[in-house]
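Peer 1: Before I ask anything, let me first share the structure, which is written out below as structure tokens.
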Amino acid sequence: MTRIRTYLTLALVGAALLTVSACGIKRVSRVDPNSVTDLSGNWNDTDSRLVANELIGQSLNAQWSRDWSMANGGTPPTVIVGDFRNRTMEHIAVGTFVRDLERAYVQSGSVRVVASAMERDEVRAERADQQTNASAETRARLAREQGARFMLQGDVQAIEDSEGREKIVFYQVDATLIDLESNTKVWVGQHKIKKYVQRRRLTP
């Protein structure tokens with residue numbers, strides 16, 4: 001009888017271990033990078049992409065763009081995307097957001113986007129190397145850089161309100177386009193996101 005109880009105990013322990021092991025199995029699935037996914041309610045890649053497209057759309061439809069086009073015979077303005085400061089308490093991949101802004105500007109075909117300061121350093125080093133090591137027919141010429149006339153910069157702010165299992169996350173992204181010659185703010189844009197997050201109760 002004691003031996004039977006021992007076998008039963010071992011069987012139950014083994015079953016419990018198998019159950020725990022099964023619960024710990026990780027499953028990874030690939031999803032469409034453009035799909036909308038929200039797990040925590042925090043800022044994510046979808047927010048970055050949608051806000052960038054919205055802000056650039058606002059910018060290109062504003063009066064400054066029409067004024068520039070009329071005054072310059074349809075020549076597109078040259079823009080550099082500067083810093084966007086993260087003023088929230090959470091980690092936000094600002095670099096990814098800046099890239100999304102640059103992509104939206106470039107794909108619009110309405111502006112020319114120049115390289116950032118860090119990118120220019122690398123390009124200048126390559127151009128300087130070409131002056132010594134590349135043939136005269138293929139080397140990039142010096143002092144031919146396109147200067148930016150406008151700089152886009154801004155910040156991301158957030159407000160969170162929670163009670164029990166419910167949470168509201170509010171994001172506000174402000175952007176300003178500045179004339180680098182006169183320091184004039186030619187356009188100020190804003191986009192807001194509000195998320196409602198509800199945590200489900202765990203069922204036994």
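Following the order of the structure tokens, first chain is A, next is B, and so on, with residues numbered from 1 inside each chain and ligands from 1 in the order they appear.
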Any idea what's packed within 8 Å of Arg49 of chain A, counting only C-alpha atoms, ignoring anything in its chain fewer than 3 positions away? Could you give it as a count of residues only?
Peer 2: 6
Peer 1: Tell me, as JSON, numbers by chain, which residues lie within 10 Å of segment 101-106 of chain A, counting only C-alpha atoms; anything in the same chain fewer than 5 positions away does not count.
Peer 2: {"A": [48, 49, 50, 51, 52, 53, 54, 55, 56, 57, 59, 60, 79, 80, 81, 95, 96, 111, 112, 113, 114, 115, 152]}
Peer 1: Please build the interface table for segment 66-126 of chain A against segment 185-188 of chain A with a cut-off of 12 Å, listing for each qualifying residue the nearest atom pair and the distance in Å to one decimal; count only C-alpha atoms, order rows by chain and increasing number, and write it as a Markdown table.
Peer 2:
```
| residue | atom | partner | partner_atom | distance |
| --- | --- | --- | --- | --- |
| A:Arg66 | CA | A:Val186 | CA | 11.5 |
| A:Asp67 | CA | A:Val186 | CA | 10.3 |
| A:Trp68 | CA | A:Val186 | CA | 10.5 |
```
Peer 1: I need the residues from that last selection saved to file as a CSV table (one decimal), in the first residue's frame (with N, CA and C atoms), if you can.
Peer 2:
```csv
chain,number,residue,atom,x,y,z
A,66,ARG,N,3.5,76.7,-49.5
A,66,ARG,CA,3.0,77.3,-50.7
A,66,ARG,C,3.7,78.6,-50.9
A,67,ASP,N,4.1,79.4,-49.9
A,67,ASP,CA,4.8,80.6,-50.1
A,67,ASP,C,6.2,80.3,-50.6
A,68,TRP,N,6.9,79.3,-50.1
A,68,TRP,CA,8.2,79.0,-50.6
A,68,TRP,C,8.1,78.6,-52.1
```
Peer 1: Going by DSSP on the backbone, which bits of segment 118-204 of chain A are helix (DSSP H, G or I)? Write them as an NGL selection string, please.
Peer 2: :A and (118-133)
Peer 1: For the atom pair atom CA of Asp129 of chain A and atom CA of Arg144 of chain A, what is the interatomic distance in Å to one decimal place?
Peer 2: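 That distance, rounded to one decimal, is 15.7 Å.
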Peer 1: Glu90 of chain A: which residues within 12 Å, counting only C-alpha atoms, same-chain residues fewer than 3 positions away excluded, as a list in words?
Peer 2: Ser40, Gly41, Asn42, Trp43, Asn44, Asn86, Arg87, Ala93, Val94, Val156, Gln157, Ala158, Ile159, Glu160, Val169 and Tyr171 of chain A
Peer 1: Could you find all residues in segment 6-150 of chain A that DSSP calls strand (DSSP E) from the backbone, and write them as an MDAnalysis selection string?
Peer 2: chainID A and resid 78:86 112:113 150
Peer 1: Next, write the just-selected residues to a file, as a PDB file, in the first residue's frame, keeping N, CA and C atoms as the atom set.
Peer 2:
```
ATOM      1  N   THR A  78      14.767  72.916 -48.687  1.00  0.00           N
ATOM      2  CA  THR A  78      15.677  71.936 -48.090  1.00  0.00           C
ATOM      3  C   THR A  78      15.515  71.962 -46.579  1.00  0.00           C
ATOM      4  N   VAL A  79      15.294  70.784 -46.000  1.00  0.00           N
ATOM      5  CA  VAL A  79      14.972  70.661 -44.580  1.00  0.00           C
ATOM      6  C   VAL A  79      15.949  69.698 -43.911  1.00  0.00           C
ATOM      7  N   ILE A  80      16.302  70.005 -42.680  1.00  0.00           N
ATOM      8  CA  ILE A  80      17.028  69.065 -41.842  1.00  0.00           C
ATOM      9  C   ILE A  80      16.157  68.756 -40.631  1.00  0.00           C
ATOM     10  N   VAL A  81      16.063  67.481 -40.274  1.00  0.00           N
ATOM     11  CA  VAL A  81      15.291  67.073 -39.091  1.00  0.00           C
ATOM     12  C   VAL A  81      16.237  67.082 -37.905  1.00  0.00           C
ATOM     13  N   GLY A  82      15.966  67.969 -36.956  1.00  0.00           N
ATOM     14  CA  GLY A  82      16.814  68.104 -35.780  1.00  0.00           C
ATOM     15  C   GLY A  82      16.365  67.213 -34.638  1.00  0.00           C
ATOM     16  N   ASP A  83      16.599  67.662 -33.412  1.00  0.00           N
ATOM     17  CA  ASP A  83      16.292  66.861 -32.229  1.00  0.00           C
ATOM     18  C   ASP A  83      14.800  66.884 -31.896  1.00  0.00           C
ATOM     19  N   PHE A  84      14.314  65.730 -31.460  1.00  0.00           N
ATOM     20  CA  PHE A  84      12.990  65.625 -30.846  1.00  0.00           C
ATOM     21  C   PHE A  84      13.216  65.091 -29.444  1.00  0.00           C
ATOM     22  N   ARG A  85      12.898  65.889 -28.454  1.00  0.00           N
ATOM     23  CA  ARG A  85      13.209  65.539 -27.067  1.00  0.00           C
ATOM     24  C   ARG A  85      12.107  64.679 -26.460  1.00  0.00           C
ATOM     25  N   ASN A  86      12.523  63.651 -25.767  1.00  0.00           N
ATOM     26  CA  ASN A  86      11.588  62.789 -25.041  1.00  0.00           C
ATOM     27  C   ASN A  86      11.379  63.368 -23.645  1.00  0.00           C
ATOM     28  N   ARG A 112      13.574  68.534 -49.959  1.00  0.00           N
ATOM     29  CA  ARG A 112      14.843  67.827 -49.958  1.00  0.00           C
ATOM     30  C   ARG A 112      15.316  67.749 -48.512  1.00  0.00           C
ATOM     31  N   VAL A 113      15.767  66.583 -48.094  1.00  0.00           N
ATOM     32  CA  VAL A 113      16.203  66.374 -46.711  1.00  0.00           C
ATOM     33  C   VAL A 113      17.717  66.201 -46.697  1.00  0.00           C
ATOM     34  N   PHE A 150      15.602  75.111 -43.614  1.00  0.00           N
ATOM     35  CA  PHE A 150      14.654  74.951 -42.511  1.00  0.00           C
ATOM     36  C   PHE A 150      15.072  73.773 -41.632  1.00  0.00           C
TER      37      PHE A 150
END
```
Peer 1: Can you work out the spacing between atom CA of Gln190 of chain A and atom CA of Val173 of chain A in Å, to one decimal?
Peer 2: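 Atom-to-atom, atom CA of Gln190 of chain A and atom CA of Val173 of chain A are spaced 5.6 Å apart.
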Peer 1: Could you state the separation of atom CA of Tyr196 of chain A and atom CA of Ile92 of chain A in Å, given to one decimal place?
Peer 2: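 Taking atom CA of Tyr196 of chain A and atom CA of Ile92 of chain A, their separation equals 18.8 Å.
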Peer 1: Go through A:Lys195, A:Arg27, A:Arg149, A:Arg200 one by one, measure the shortest atom-to-atom distance of each to Pro77 of chain A using only C-alpha atoms, and give the residue with the smallest value.
Peer 2: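 Once distances to Pro77 of chain A are computed over only C-alpha atoms, the minimum belongs to A:Arg149.
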